[in-house]
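Visitor: This one is final_14.txt, compact mmCIF, C-alpha atoms and all ligand atoms.
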```txt
# COMPACT_ATOMS: atom_id res chain seq x y z
CA MET A 1308 -7.53 6.71 22.77
CA ILE A 1309 -8.77 4.10 20.37
CA ARG A 1310 -7.90 0.46 20.92
CA VAL A 1311 -6.11 -1.07 17.94
CA GLY A 1312 -5.02 -4.59 17.06
CA ILE A 1313 -2.77 -6.20 14.47
CA VAL A 1314 -3.40 -9.63 12.94
CA GLY A 1315 -0.38 -11.40 11.45
CA VAL A 1316 2.16 -9.73 13.73
CA THR A 1317 5.12 -11.89 12.75
CA GLY A 1318 5.07 -10.71 9.11
CA TYR A 1319 6.94 -7.73 7.67
CA THR A 1320 3.98 -5.36 7.55
CA GLY A 1321 2.68 -6.56 10.93
CA SER A 1322 5.95 -5.79 12.70
CA GLU A 1323 6.22 -2.45 10.86
CA LEU A 1324 2.72 -1.59 12.17
CA ILE A 1325 3.80 -2.35 15.73
CA ARG A 1326 6.83 -0.07 15.32
CA ILE A 1327 4.70 2.84 14.07
CA LEU A 1328 1.72 2.38 16.42
CA ILE A 1329 3.77 2.07 19.62
CA LYS A 1330 4.70 5.75 19.20
CA HIS A 1331 1.33 6.95 17.92
CA PRO A 1332 -0.11 9.61 20.25
CA ASN A 1333 -3.81 8.82 19.68
CA VAL A 1334 -4.01 5.03 19.91
CA ARG A 1335 -3.14 2.14 22.20
CA ILE A 1336 -2.20 -1.30 20.90
CA THR A 1337 -4.52 -3.62 22.84
CA GLY A 1338 -4.29 -6.79 20.78
CA LEU A 1339 -1.66 -8.72 18.86
CA PHE A 1340 -2.92 -11.75 16.94
CA SER A 1341 -0.81 -14.48 15.44
CA ARG A 1342 -1.12 -18.06 14.30
CA SER A 1343 2.55 -18.93 14.63
CA ALA A 1344 3.31 -16.89 17.80
CA TYR A 1345 0.05 -17.57 19.64
CA ASN A 1346 0.60 -17.47 23.44
CA LYS A 1347 4.10 -16.01 23.12
CA PRO A 1348 5.04 -12.64 24.63
CA LEU A 1349 5.89 -10.09 21.95
CA LYS A 1350 9.40 -9.66 23.36
CA LYS A 1351 10.12 -13.32 22.57
CA VAL A 1352 9.10 -12.82 18.93
CA PHE A 1353 10.67 -9.37 18.48
CA PRO A 1354 13.18 -8.53 21.25
CA GLN A 1355 13.38 -4.94 19.97
CA PHE A 1356 9.94 -4.26 21.44
CA ALA A 1357 10.86 -5.49 24.97
CA SER A 1358 9.79 -3.00 27.67
CA LYS A 1359 7.95 -0.96 25.04
CA LEU A 1360 4.92 -3.22 24.62
CA ASN A 1361 4.24 -6.05 27.03
CA LEU A 1362 1.53 -8.03 25.30
CA ILE A 1363 1.10 -11.73 24.70
CA CYS A 1364 -0.04 -12.76 21.24
CA ASP A 1365 -3.61 -14.03 21.00
CA LYS A 1366 -5.25 -16.42 18.57
CA PRO A 1367 -6.59 -14.56 15.51
CA LEU A 1368 -10.27 -15.24 16.26
CA VAL A 1369 -13.06 -12.74 15.55
CA ASP A 1370 -14.60 -12.82 19.04
CA ILE A 1371 -11.25 -12.25 20.78
CA ILE A 1372 -10.33 -9.46 18.35
CA SER A 1373 -13.69 -7.71 18.70
CA SER A 1374 -13.56 -7.86 22.51
CA LYS A 1375 -10.16 -6.13 22.55
CA CYS A 1376 -10.13 -3.69 19.63
CA ASP A 1377 -12.08 -0.85 18.01
CA LEU A 1378 -9.99 -1.13 14.85
CA VAL A 1379 -7.86 -3.94 13.49
CA PHE A 1380 -5.17 -4.08 10.82
CA LEU A 1381 -5.15 -7.33 8.83
CA ALA A 1382 -1.50 -7.87 7.84
CA LEU A 1383 -2.28 -11.22 6.24
CA PRO A 1384 -1.79 -12.88 2.87
CA HIS A 1385 -4.68 -12.56 0.43
CA THR A 1386 -7.38 -15.21 1.03
CA ALA A 1387 -6.62 -15.18 4.78
CA SER A 1388 -8.05 -11.65 5.06
CA MET A 1389 -11.30 -12.45 3.32
CA ASP A 1390 -11.86 -15.30 5.79
CA MET A 1391 -11.97 -12.79 8.66
CA GLY A 1392 -13.37 -9.60 7.08
CA ALA A 1393 -17.10 -10.37 7.18
CA GLY A 1394 -17.03 -11.57 10.81
CA LEU A 1395 -15.14 -8.51 11.99
CA ILE A 1396 -17.47 -6.13 10.16
CA LYS A 1397 -20.50 -7.91 11.67
CA ALA A 1398 -18.94 -7.57 15.12
CA GLY A 1399 -18.66 -3.79 14.58
CA VAL A 1400 -14.86 -3.60 14.33
CA ARG A 1401 -13.36 -1.16 11.82
CA VAL A 1402 -10.92 -2.96 9.53
CA ILE A 1403 -7.92 -1.89 7.46
CA ASP A 1404 -6.87 -4.79 5.25
CA LEU A 1405 -3.34 -4.73 3.86
CA SER A 1406 -3.93 -7.64 1.50
CA ALA A 1407 -5.44 -7.47 -1.97
CA ASP A 1408 -8.68 -9.17 -0.93
CA TYR A 1409 -10.87 -6.08 -0.87
CA ARG A 1410 -9.17 -3.95 -3.55
CA ILE A 1411 -10.54 -5.37 -6.80
CA LYS A 1412 -14.20 -4.54 -7.39
CA ASP A 1413 -14.71 -6.89 -10.34
CA LEU A 1414 -14.85 -10.35 -8.78
CA LYS A 1415 -14.12 -12.07 -12.11
CA VAL A 1416 -10.91 -10.08 -12.42
CA TYR A 1417 -10.04 -10.97 -8.81
CA SER A 1418 -10.57 -14.68 -9.56
CA LYS A 1419 -8.41 -14.47 -12.68
CA PHE A 1420 -5.42 -12.79 -11.01
CA TYR A 1421 -5.62 -14.41 -7.57
CA ALA A 1422 -6.72 -17.85 -8.82
CA LEU A 1423 -9.72 -18.31 -6.52
CA ARG A 1424 -13.34 -17.40 -6.09
CA HIS A 1425 -13.97 -14.53 -3.66
CA LYS A 1426 -15.70 -15.56 -0.42
CA ASP A 1427 -16.89 -12.12 0.74
CA PRO A 1428 -18.50 -10.20 -2.17
CA GLN A 1429 -20.48 -7.99 0.25
CA GLY A 1430 -17.22 -6.89 1.87
CA VAL A 1431 -15.78 -6.01 -1.53
CA LYS A 1432 -18.82 -3.80 -2.25
CA LYS A 1433 -18.45 -2.05 1.10
CA ALA A 1434 -14.68 -1.55 0.99
CA VAL A 1435 -13.15 1.86 0.27
CA TYR A 1436 -9.86 1.93 -1.65
CA GLY A 1437 -7.51 3.56 0.82
CA LEU A 1438 -5.29 5.74 -1.32
CA THR A 1439 -5.30 8.59 1.16
CA GLU A 1440 -4.39 11.42 -1.23
CA LEU A 1441 -7.39 10.68 -3.45
CA PHE A 1442 -10.21 9.25 -1.35
CA SER A 1443 -10.06 10.86 2.10
CA GLU A 1444 -13.79 11.76 2.16
CA GLU A 1445 -14.80 8.12 1.59
CA ILE A 1446 -12.12 6.85 4.01
CA LYS A 1447 -13.48 9.04 6.86
CA LYS A 1448 -16.76 7.09 6.86
CA ALA A 1449 -15.43 3.64 5.97
CA GLN A 1450 -15.78 0.56 8.13
CA LEU A 1451 -13.57 -1.49 5.80
CA VAL A 1452 -10.57 0.03 4.03
CA ALA A 1453 -8.66 -1.84 1.32
CA ASN A 1454 -5.14 -0.54 1.78
CA PRO A 1455 -3.51 -0.15 -1.68
CA GLY A 1456 -0.76 -2.40 -3.00
CA CYS A 1457 2.82 -1.15 -2.97
CA TYR A 1458 3.41 -0.88 -6.74
CA PRO A 1459 -0.06 0.64 -7.30
CA THR A 1460 0.56 3.31 -4.63
CA ALA A 1461 3.60 4.68 -6.46
CA ALA A 1462 2.03 4.22 -9.91
CA ILE A 1463 -1.33 5.82 -9.17
CA LEU A 1464 0.17 8.78 -7.25
CA SER A 1465 2.56 9.33 -10.19
CA LEU A 1466 -0.20 9.32 -12.77
CA ALA A 1467 -3.29 10.71 -10.97
CA PRO A 1468 -2.80 14.38 -11.95
CA LEU A 1469 -2.23 13.61 -15.64
CA VAL A 1470 -4.99 11.02 -15.90
CA SER A 1471 -7.68 12.85 -13.95
CA LEU A 1472 -7.06 16.21 -15.70
CA GLY A 1473 -7.10 14.68 -19.19
CA ILE A 1474 -3.44 15.48 -19.94
CA ALA A 1475 -2.31 11.86 -20.49
CA ASP A 1476 -2.86 9.93 -23.71
CA LEU A 1477 -4.38 6.97 -21.88
CA SER A 1478 -3.30 4.39 -24.44
CA THR A 1479 0.42 5.04 -23.99
CA ILE A 1480 1.22 4.43 -20.30
CA VAL A 1481 4.22 2.18 -19.55
CA ILE A 1482 5.23 1.50 -15.93
CA ASP A 1483 8.69 0.06 -15.38
CA ALA A 1484 8.75 -0.85 -11.67
CA LYS A 1485 11.46 -2.20 -9.36
CA SER A 1486 11.08 -3.44 -5.80
CA GLY A 1487 13.32 -4.63 -3.00
CA VAL A 1488 12.75 -8.21 -1.85
CA SER A 1489 10.71 -7.35 1.26
CA GLY A 1490 7.80 -6.71 -1.13
CA ALA A 1491 7.30 -10.47 -1.30
CA GLY A 1492 6.81 -11.00 2.46
CA ARG A 1493 9.15 -12.39 5.11
CA LYS A 1494 9.41 -16.02 4.05
CA LYS A 1495 10.09 -15.39 0.35
CA ALA A 1496 12.41 -12.46 1.05
CA GLU A 1497 14.56 -14.58 3.35
CA GLU A 1498 14.83 -17.22 0.62
CA PHE A 1499 15.79 -14.56 -1.95
CA LEU A 1500 18.43 -13.06 0.30
CA LEU A 1501 20.00 -16.43 0.99
CA ASN A 1502 19.91 -17.66 -2.57
CA LYS A 1503 21.02 -16.70 -6.02
CA GLU A 1504 18.82 -13.60 -6.36
CA LYS A 1505 21.20 -11.85 -3.97
CA ASP A 1506 23.45 -10.62 -6.81
CA ASP A 1507 20.96 -10.52 -9.64
CA PHE A 1508 18.33 -8.21 -11.17
CA LYS A 1509 15.38 -9.47 -13.16
CA ALA A 1510 11.83 -8.91 -14.37
CA TYR A 1511 9.11 -11.22 -13.08
CA LYS A 1512 5.40 -11.90 -13.77
CA VAL A 1513 5.83 -9.94 -17.02
CA GLY A 1514 2.40 -8.90 -18.31
CA VAL A 1515 0.55 -10.96 -15.67
CA HIS A 1516 1.32 -9.31 -12.31
CA GLN A 1517 -1.71 -9.09 -10.00
CA HIS A 1518 -1.18 -5.36 -9.40
CA THR A 1519 -1.96 -4.57 -13.05
CA PRO A 1520 -5.77 -4.77 -12.66
CA GLU A 1521 -5.58 -2.70 -9.46
CA ILE A 1522 -3.70 0.08 -11.25
CA ASN A 1523 -6.09 -0.11 -14.23
CA GLN A 1524 -9.17 -0.04 -11.99
CA GLU A 1525 -8.14 3.11 -10.13
CA LEU A 1526 -6.74 4.99 -13.15
CA SER A 1527 -9.89 4.16 -15.15
CA PHE A 1528 -11.99 5.55 -12.30
CA LEU A 1529 -9.93 8.77 -12.24
CA ALA A 1530 -9.98 9.12 -16.04
CA GLY A 1531 -13.65 8.24 -16.46
CA ASP A 1532 -12.46 6.05 -19.32
CA GLU A 1533 -10.79 2.68 -19.72
CA VAL A 1534 -7.07 2.58 -18.96
CA ASN A 1535 -4.86 -0.44 -19.69
CA VAL A 1536 -1.28 0.19 -18.64
CA THR A 1537 1.78 -1.83 -19.57
CA PHE A 1538 3.28 -2.80 -16.21
CA VAL A 1539 6.50 -4.76 -15.69
CA PRO A 1540 7.83 -5.37 -12.16
CA HIS A 1541 11.48 -6.18 -11.41
CA LEU A 1542 13.14 -7.59 -8.34
CA LEU A 1543 16.04 -5.53 -6.98
CA PRO A 1544 18.71 -7.21 -4.84
CA ILE A 1545 18.05 -4.78 -1.96
CA TYR A 1546 15.89 -5.20 1.12
CA ARG A 1547 13.29 -2.44 0.84
CA GLY A 1548 12.05 0.34 -1.46
CA ILE A 1549 10.33 0.76 -4.81
CA LEU A 1550 11.35 2.92 -7.76
CA GLU A 1551 9.09 3.30 -10.78
CA THR A 1552 9.93 4.95 -14.09
CA ILE A 1553 6.78 5.75 -16.02
CA TYR A 1554 6.54 6.80 -19.68
CA LEU A 1555 3.54 8.29 -21.49
CA LYS A 1556 2.51 10.59 -24.33
CA LYS A 1557 0.75 13.87 -23.64
CA ARG A 1558 -2.42 14.90 -25.46
CA LYS A 1559 -1.44 17.53 -28.06
CA LYS A 1560 -3.30 20.49 -26.60
CA TYR A 1561 -1.20 20.25 -23.40
CA ALA A 1562 2.19 20.48 -25.14
CA ASP A 1563 3.05 23.79 -23.40
CA LYS A 1564 1.43 23.13 -20.03
CA ASP A 1565 3.58 23.59 -16.90
CA ILE A 1566 3.44 19.96 -15.78
CA ILE A 1567 5.43 20.31 -12.55
CA GLY A 1568 3.07 23.18 -11.65
CA VAL A 1569 0.11 20.84 -12.25
CA TYR A 1570 1.56 18.25 -9.81
CA LYS A 1571 2.36 20.86 -7.15
CA LYS A 1572 -1.19 22.18 -7.27
CA PHE A 1573 -2.75 18.68 -7.29
CA TYR A 1574 -0.81 17.62 -4.19
CA ARG A 1575 -0.62 21.01 -2.43
CA ARG A 1576 -2.29 19.89 0.81
CA LYS A 1577 -0.97 16.33 0.75
CA PRO A 1578 1.77 16.00 3.36
CA PHE A 1579 3.30 12.76 2.05
CA VAL A 1580 3.79 13.58 -1.63
CA ARG A 1581 6.94 15.56 -2.46
CA ILE A 1582 7.31 16.92 -5.98
CA ARG A 1583 10.90 17.48 -7.10
CA LYS A 1584 12.20 20.57 -8.91
CA VAL A 1585 12.95 20.51 -12.66
CA GLY A 1586 15.76 18.07 -13.41
CA VAL A 1587 15.75 16.43 -9.95
CA PHE A 1588 14.64 12.79 -9.53
CA PRO A 1589 14.19 10.71 -6.39
CA SER A 1590 16.16 7.63 -5.41
CA ILE A 1591 15.07 4.83 -3.10
CA LYS A 1592 17.39 6.06 -0.33
CA ASP A 1593 15.46 9.36 -0.21
CA VAL A 1594 12.32 7.62 1.02
CA VAL A 1595 13.40 4.47 2.87
CA ASN A 1596 12.01 4.41 6.44
CA THR A 1597 9.58 7.23 5.61
CA ASN A 1598 5.95 7.52 4.53
CA PHE A 1599 6.80 9.81 1.62
CA CYS A 1600 6.20 9.29 -2.08
CA ASP A 1601 8.75 11.39 -3.96
CA ILE A 1602 8.05 12.24 -7.59
CA GLY A 1603 10.35 13.74 -10.26
CA ILE A 1604 9.02 14.75 -13.68
CA LYS A 1605 10.69 15.24 -17.07
CA ASP A 1606 8.49 17.03 -19.58
CA LEU A 1607 9.64 16.38 -23.15
CA GLY A 1608 6.86 18.39 -24.82
CA ASP A 1609 5.00 15.55 -26.51
CA SER A 1610 5.74 13.01 -23.78
CA ILE A 1611 6.47 12.82 -20.05
CA ILE A 1612 8.73 10.64 -17.92
CA ILE A 1613 7.93 10.31 -14.23
CA VAL A 1614 10.22 8.77 -11.62
CA SER A 1615 8.70 7.96 -8.23
CA ALA A 1616 10.00 6.28 -5.10
CA ILE A 1617 8.38 4.89 -1.94
CA ASP A 1618 9.26 2.55 0.91
CA ASN A 1619 7.12 -0.50 0.07
CA LEU A 1620 6.68 -1.41 3.74
CA ILE A 1621 5.67 2.11 4.84
CA LYS A 1622 3.93 4.27 2.19
CA GLY A 1623 3.33 1.04 0.25
CA ALA A 1624 1.78 -0.77 3.24
CA SER A 1625 1.90 -0.07 7.01
CA GLY A 1626 2.47 3.72 6.92
CA GLN A 1627 -0.39 4.24 4.50
CA ALA A 1628 -2.55 1.95 6.67
CA VAL A 1629 -1.86 4.23 9.66
CA GLU A 1630 -2.64 7.27 7.48
CA ASN A 1631 -5.98 5.63 6.70
CA MET A 1632 -6.64 5.13 10.40
CA ASN A 1633 -5.76 8.79 11.07
CA ILE A 1634 -8.32 9.90 8.49
CA MET A 1635 -10.99 7.45 9.76
CA TYR A 1636 -10.74 8.87 13.30
CA GLY A 1637 -10.11 12.53 12.44
CA PHE A 1638 -6.53 12.52 13.80
CA PRO A 1639 -3.95 14.73 12.04
CA GLU A 1640 -2.99 12.85 8.85
CA THR A 1641 0.67 12.82 9.86
CA SER A 1642 0.12 11.46 13.41
CA GLY A 1643 2.67 8.77 14.22
CA LEU A 1644 4.24 9.08 10.78
CA ILE A 1645 6.63 12.04 10.88
N1 LIG B 1 5.61 -6.64 1.97
C1 LIG B 1 5.18 -5.56 1.35
O1 LIG B 1 5.96 -4.71 0.89
C2 LIG B 1 3.70 -5.35 1.18
C3 LIG B 1 3.27 -4.12 0.65
C4 LIG B 1 1.90 -3.91 0.47
C5 LIG B 1 0.98 -4.90 0.81
N2 LIG B 1 1.44 -6.07 1.29
C6 LIG B 1 0.44 -7.08 1.63
O2 LIG B 1 0.30 -7.13 3.05
C7 LIG B 1 0.02 -8.45 3.47
C8 LIG B 1 1.08 -8.89 4.49
O3 LIG B 1 2.34 -8.81 3.83
P1 LIG B 1 3.72 -9.15 4.56
O4 LIG B 1 4.80 -8.72 3.66
O5 LIG B 1 3.67 -8.65 5.96
O6 LIG B 1 3.64 -10.75 4.56
P2 LIG B 1 4.45 -11.79 5.46
O7 LIG B 1 5.74 -11.22 5.89
O8 LIG B 1 4.44 -13.04 4.64
O9 LIG B 1 3.49 -11.98 6.73
C9 LIG B 1 2.16 -12.41 6.68
C10 LIG B 1 1.77 -12.97 8.05
O10 LIG B 1 0.43 -13.47 7.94
C11 LIG B 1 0.30 -14.65 8.76
N3 LIG B 1 -0.10 -15.75 7.88
C12 LIG B 1 0.62 -16.38 6.95
N4 LIG B 1 -0.09 -17.29 6.29
C13 LIG B 1 -1.33 -17.25 6.81
C14 LIG B 1 -2.54 -17.95 6.55
N5 LIG B 1 -2.63 -18.86 5.59
N6 LIG B 1 -3.63 -17.65 7.29
C15 LIG B 1 -3.55 -16.72 8.25
N7 LIG B 1 -2.42 -16.02 8.54
C16 LIG B 1 -1.33 -16.27 7.82
C17 LIG B 1 1.64 -14.90 9.41
O11 LIG B 1 1.63 -14.22 10.66
P3 LIG B 1 1.29 -14.94 12.06
O12 LIG B 1 1.94 -16.28 12.04
O13 LIG B 1 1.87 -13.99 13.05
O14 LIG B 1 -0.20 -15.04 12.13
C18 LIG B 1 2.59 -14.17 8.49
O15 LIG B 1 3.77 -13.79 9.17
C19 LIG B 1 0.03 -9.34 2.21
O16 LIG B 1 -1.28 -9.53 1.76
C20 LIG B 1 0.83 -8.50 1.22
O17 LIG B 1 0.47 -8.75 -0.13
C21 LIG B 1 2.77 -6.32 1.52
```
Will you turn the file into structure tokens for me?
Guide:
Amino acid sequence: MIRVGIVGVTGYTGSELIRILIKHPNVRITGLFSRSAYNKPLKKVFPQFASKLNLICDKPLVDIISSKCDLVFLALPHTASMDMGAGLIKAGVRVIDLSADYRIKDLKVYSKFYALRHKDPQGVKKAVYGLTELFSEEIKKAQLVANPGCYPTAAILSLAPLVSLGIADLSTIVIDAKSGVSGAGRKKAEEFLLNKEKDDFKAYKVGVHQHTPEINQELSFLAGDEVNVTFVPHLLPIYRGILETIYLKKRKKYADKDIIGVYKKFYRRKPFVRIRKVGVFPSIKDVVNTNFCDIGIKDLGDSIIIVSAIDNLIKGASGQAVENMNIMYGFPETSGLI
């Protein structure tokens, strides 16, 4: 049994981690860390966990975390994670960070999109991008995993086969993405649900969303060439789930290629990617409360349309984080997740 902890337990991804890890057969939750719920029993914060996990929340301090845990999940806003990462690594704790702090390798790009100078460049160098379907060999050995963003998870899984096998015309990729309000974290989501966004649908951060460089970084790595996608996120008036519709041109020599066959082969040993049959496309309801990424593909000969769906809080955050932990410790990849 490894001893695991969660920092930022009162947030959406923190509480989702508790829910998943309580039932995980290979780990024990030995530490819960919170600024706002410090000294409170978990059952006072989340009554649904009463009699399942009787822990009192601790202060999120490196020495307390390292005395209680072998591995810790940082379910914190960006900037808060980078304040703790270096200390935890030095103390020998393995870290899975759910924020964006360790995802972007180019520190100038990080500063531009997150509006601050990075405080832990060494951690960024060390971190492994935790998209489990693509980087499991690196994840096995990692001490610090940068868990992918929610939009990038669906986008990169949707495009990886076409980009890495040279089928996509890299200059033509358009990602039209929609997310439920929980993608913005507990405080903002509660404001959205109470206010006017409740019965509305709109684009936001058009052309400037911080997940754009993350998607470009990983697709460029897979392509071995520069990729600059057009990415537009939208806010859906629902609680959870992401649906992305992605458009691109194929390179001419692949006009007759069996594209669904390519995806099935690419993901054949990947338990959480489900490729739909010809003419069948996923909806958000198909994946909510699961760790699956469902992908449907329409091949139009010279172009391709891909529709993918994930639960932003599970495959897009806490579920994928647990998958990363499973790989890091050699547990079955699906442990605690099916
Ligand atoms: N929501 C999603 O769908 C999603 C998907 C992928 C990735 N992420 C990323 O995962 C991280 C957590 O997201 P979330 O949705 O769980 O956010 P959240 O609901 O806003 O929770 C974040 C928690 O972090 C703690 N916190 C807040 N401000 C802090 C500060 N300045 N310093 C230290 N701790 C602070 C608080 O917990 P305590 O008071 O208990 O300490 C808070 O409840 C974010 O970086 C987010 O971008 C979220």
Visitor: Pick from A:Leu1466, A:Leu1526, A:Ala1382, A:Ile1611: nearest to Lys1557 in chain A, with all atoms listed in the file counted?
Guide: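 Distance minimum relative to Lys1557 in chain A lands on A:Ile1611.
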Visitor: Report as a list in words all protein, DNA and RNA residues lying within 9 Å of Pro1348 in chain A, evaluated on all atoms listed in the file, omitting residues in the same chain fewer than 4 positions from it.
Guide: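 What passes the distance filter is Ala1344, Val1352, Phe1353, Asn1361, Leu1362, Ile1363 and Cys1364 of chain A.
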Visitor: Measuring between all atoms listed in the file, which one of A:Ile1327, A:Ile1566, A:Ala1496, A:Ala1462 shows the shortest distance to Tyr1546 in chain A?
Guide: A:Ala1496
Visitor: List all protein, DNA and RNA residues that have at least one atom no more than 6 Å from any atom of ligand LIG 1 (chain B), counting only C-alpha atoms and all ligand atoms, and write them as a PDB file with C-alpha atoms, in the coordinates of the input.
Guide:
```
ATOM      1  CA  GLY A1315      -0.380 -11.400  11.450  1.00  0.00           C
ATOM      2  CA  VAL A1316       2.160  -9.730  13.730  1.00  0.00           C
ATOM      3  CA  THR A1317       5.120 -11.890  12.750  1.00  0.00           C
ATOM      4  CA  GLY A1318       5.070 -10.710   9.110  1.00  0.00           C
ATOM      5  CA  TYR A1319       6.940  -7.730   7.670  1.00  0.00           C
ATOM      6  CA  THR A1320       3.980  -5.360   7.550  1.00  0.00           C
ATOM      7  CA  GLY A1321       2.680  -6.560  10.930  1.00  0.00           C
ATOM      8  CA  SER A1341      -0.810 -14.480  15.440  1.00  0.00           C
ATOM      9  CA  ARG A1342      -1.120 -18.060  14.300  1.00  0.00           C
ATOM     10  CA  SER A1343       2.550 -18.930  14.630  1.00  0.00           C
ATOM     11  CA  ALA A1344       3.310 -16.890  17.800  1.00  0.00           C
ATOM     12  CA  ALA A1382      -1.500  -7.870   7.840  1.00  0.00           C
ATOM     13  CA  LEU A1383      -2.280 -11.220   6.240  1.00  0.00           C
ATOM     14  CA  PRO A1384      -1.790 -12.880   2.870  1.00  0.00           C
ATOM     15  CA  HIS A1385      -4.680 -12.560   0.430  1.00  0.00           C
ATOM     16  CA  ALA A1387      -6.620 -15.180   4.780  1.00  0.00           C
ATOM     17  CA  LEU A1405      -3.340  -4.730   3.860  1.00  0.00           C
ATOM     18  CA  SER A1406      -3.930  -7.640   1.500  1.00  0.00           C
ATOM     19  CA  ALA A1407      -5.440  -7.470  -1.970  1.00  0.00           C
ATOM     20  CA  GLY A1456      -0.760  -2.400  -3.000  1.00  0.00           C
ATOM     21  CA  CYS A1457       2.820  -1.150  -2.970  1.00  0.00           C
ATOM     22  CA  SER A1489      10.710  -7.350   1.260  1.00  0.00           C
ATOM     23  CA  GLY A1490       7.800  -6.710  -1.130  1.00  0.00           C
ATOM     24  CA  ALA A1491       7.300 -10.470  -1.300  1.00  0.00           C
ATOM     25  CA  GLY A1492       6.810 -11.000   2.460  1.00  0.00           C
ATOM     26  CA  ARG A1493       9.150 -12.390   5.110  1.00  0.00           C
ATOM     27  CA  LYS A1494       9.410 -16.020   4.050  1.00  0.00           C
ATOM     28  CA  ASN A1619       7.120  -0.500   0.070  1.00  0.00           C
ATOM     29  CA  LEU A1620       6.680  -1.410   3.740  1.00  0.00           C
ATOM     30  CA  GLY A1623       3.330   1.040   0.250  1.00  0.00           C
ATOM     31  CA  ALA A1624       1.780  -0.770   3.240  1.00  0.00           C
TER      32      ALA A1624
END
```
Visitor: Record the distance separating CA of Leu1550 in chain A and CA of Thr1460 in chain A, expressed in Å with one decimal.
Guide: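 Result for CA of Leu1550 in chain A versus CA of Thr1460 in chain A: 11.2 Å, one decimal.
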Visitor: Find the distance between CA of Gly1437 in chain A and CA of Ala1453 in chain A and write it in Å to one decimal.
Guide: 5.5 Å
Visitor: Could you tell me which of A:Asp1365, A:Glu1551, A:Asp1618, A:Glu1630 comes closest to Val1595 in chain A if we count all atoms listed in the file?
Guide: A:Asp1618
Visitor: Could you list, as a PyMOL selection string, every residue within 8 Å of Ile1403 in chain A, counting all atoms listed in the file and ignoring same-chain residues fewer than 3 positions away?
Guide: chain A and resi 1378-1381+1451-1454+1628+1631-1632
Visitor: Name all residues at most 9 Å from Pro1428 in chain A (count only C-alpha atoms; drop same-chain ones fewer than 2 positions away) and give them as a PyMOL selection string.
Guide: chain A and resi 1409+1412+1414+1425-1426+1430-1433
Visitor: Could I get range 1446-1457 of chain A from the block written out with N, CA and C atoms, as a tab-separated table (two decimals), in the first residue's frame?
Guide:
```tsv
chain	number	residue	atom	x	y	z
A	1446	ILE	N	6.41	8.23	-17.70
A	1446	ILE	CA	5.62	8.40	-16.47
A	1446	ILE	C	6.08	7.39	-15.40
A	1447	LYS	N	6.38	6.14	-15.83
A	1447	LYS	CA	6.81	5.10	-14.88
A	1447	LYS	C	7.93	5.59	-13.98
A	1448	LYS	N	8.89	6.35	-14.57
A	1448	LYS	CA	10.09	6.75	-13.82
A	1448	LYS	C	9.98	8.14	-13.20
A	1449	ALA	N	8.88	8.84	-13.45
A	1449	ALA	CA	8.81	10.26	-13.09
A	1449	ALA	C	8.69	10.49	-11.59
A	1450	GLN	N	9.33	11.55	-11.11
A	1450	GLN	CA	9.04	11.99	-9.74
A	1450	GLN	C	7.99	13.09	-9.74
A	1451	LEU	N	7.93	13.82	-10.86
A	1451	LEU	CA	6.97	14.93	-10.96
A	1451	LEU	C	6.21	14.79	-12.28
A	1452	VAL	N	4.90	14.60	-12.18
A	1452	VAL	CA	4.07	14.47	-13.38
A	1452	VAL	C	3.19	15.71	-13.51
A	1453	ALA	N	3.20	16.31	-14.71
A	1453	ALA	CA	2.30	17.43	-15.01
A	1453	ALA	C	1.06	16.82	-15.65
A	1454	ASN	N	0.00	16.75	-14.86
A	1454	ASN	CA	-1.24	16.15	-15.37
A	1454	ASN	C	-1.83	17.09	-16.44
A	1455	PRO	N	-2.22	16.55	-17.61
A	1455	PRO	CA	-2.67	17.44	-18.70
A	1455	PRO	C	-3.93	18.23	-18.36
A	1456	GLY	N	-4.12	19.32	-19.09
A	1456	GLY	CA	-5.35	20.11	-18.97
A	1456	GLY	C	-6.52	19.35	-19.58
A	1457	CYS	N	-7.73	19.80	-19.24
A	1457	CYS	CA	-8.93	19.08	-19.70
A	1457	CYS	C	-9.13	19.21	-21.20
```
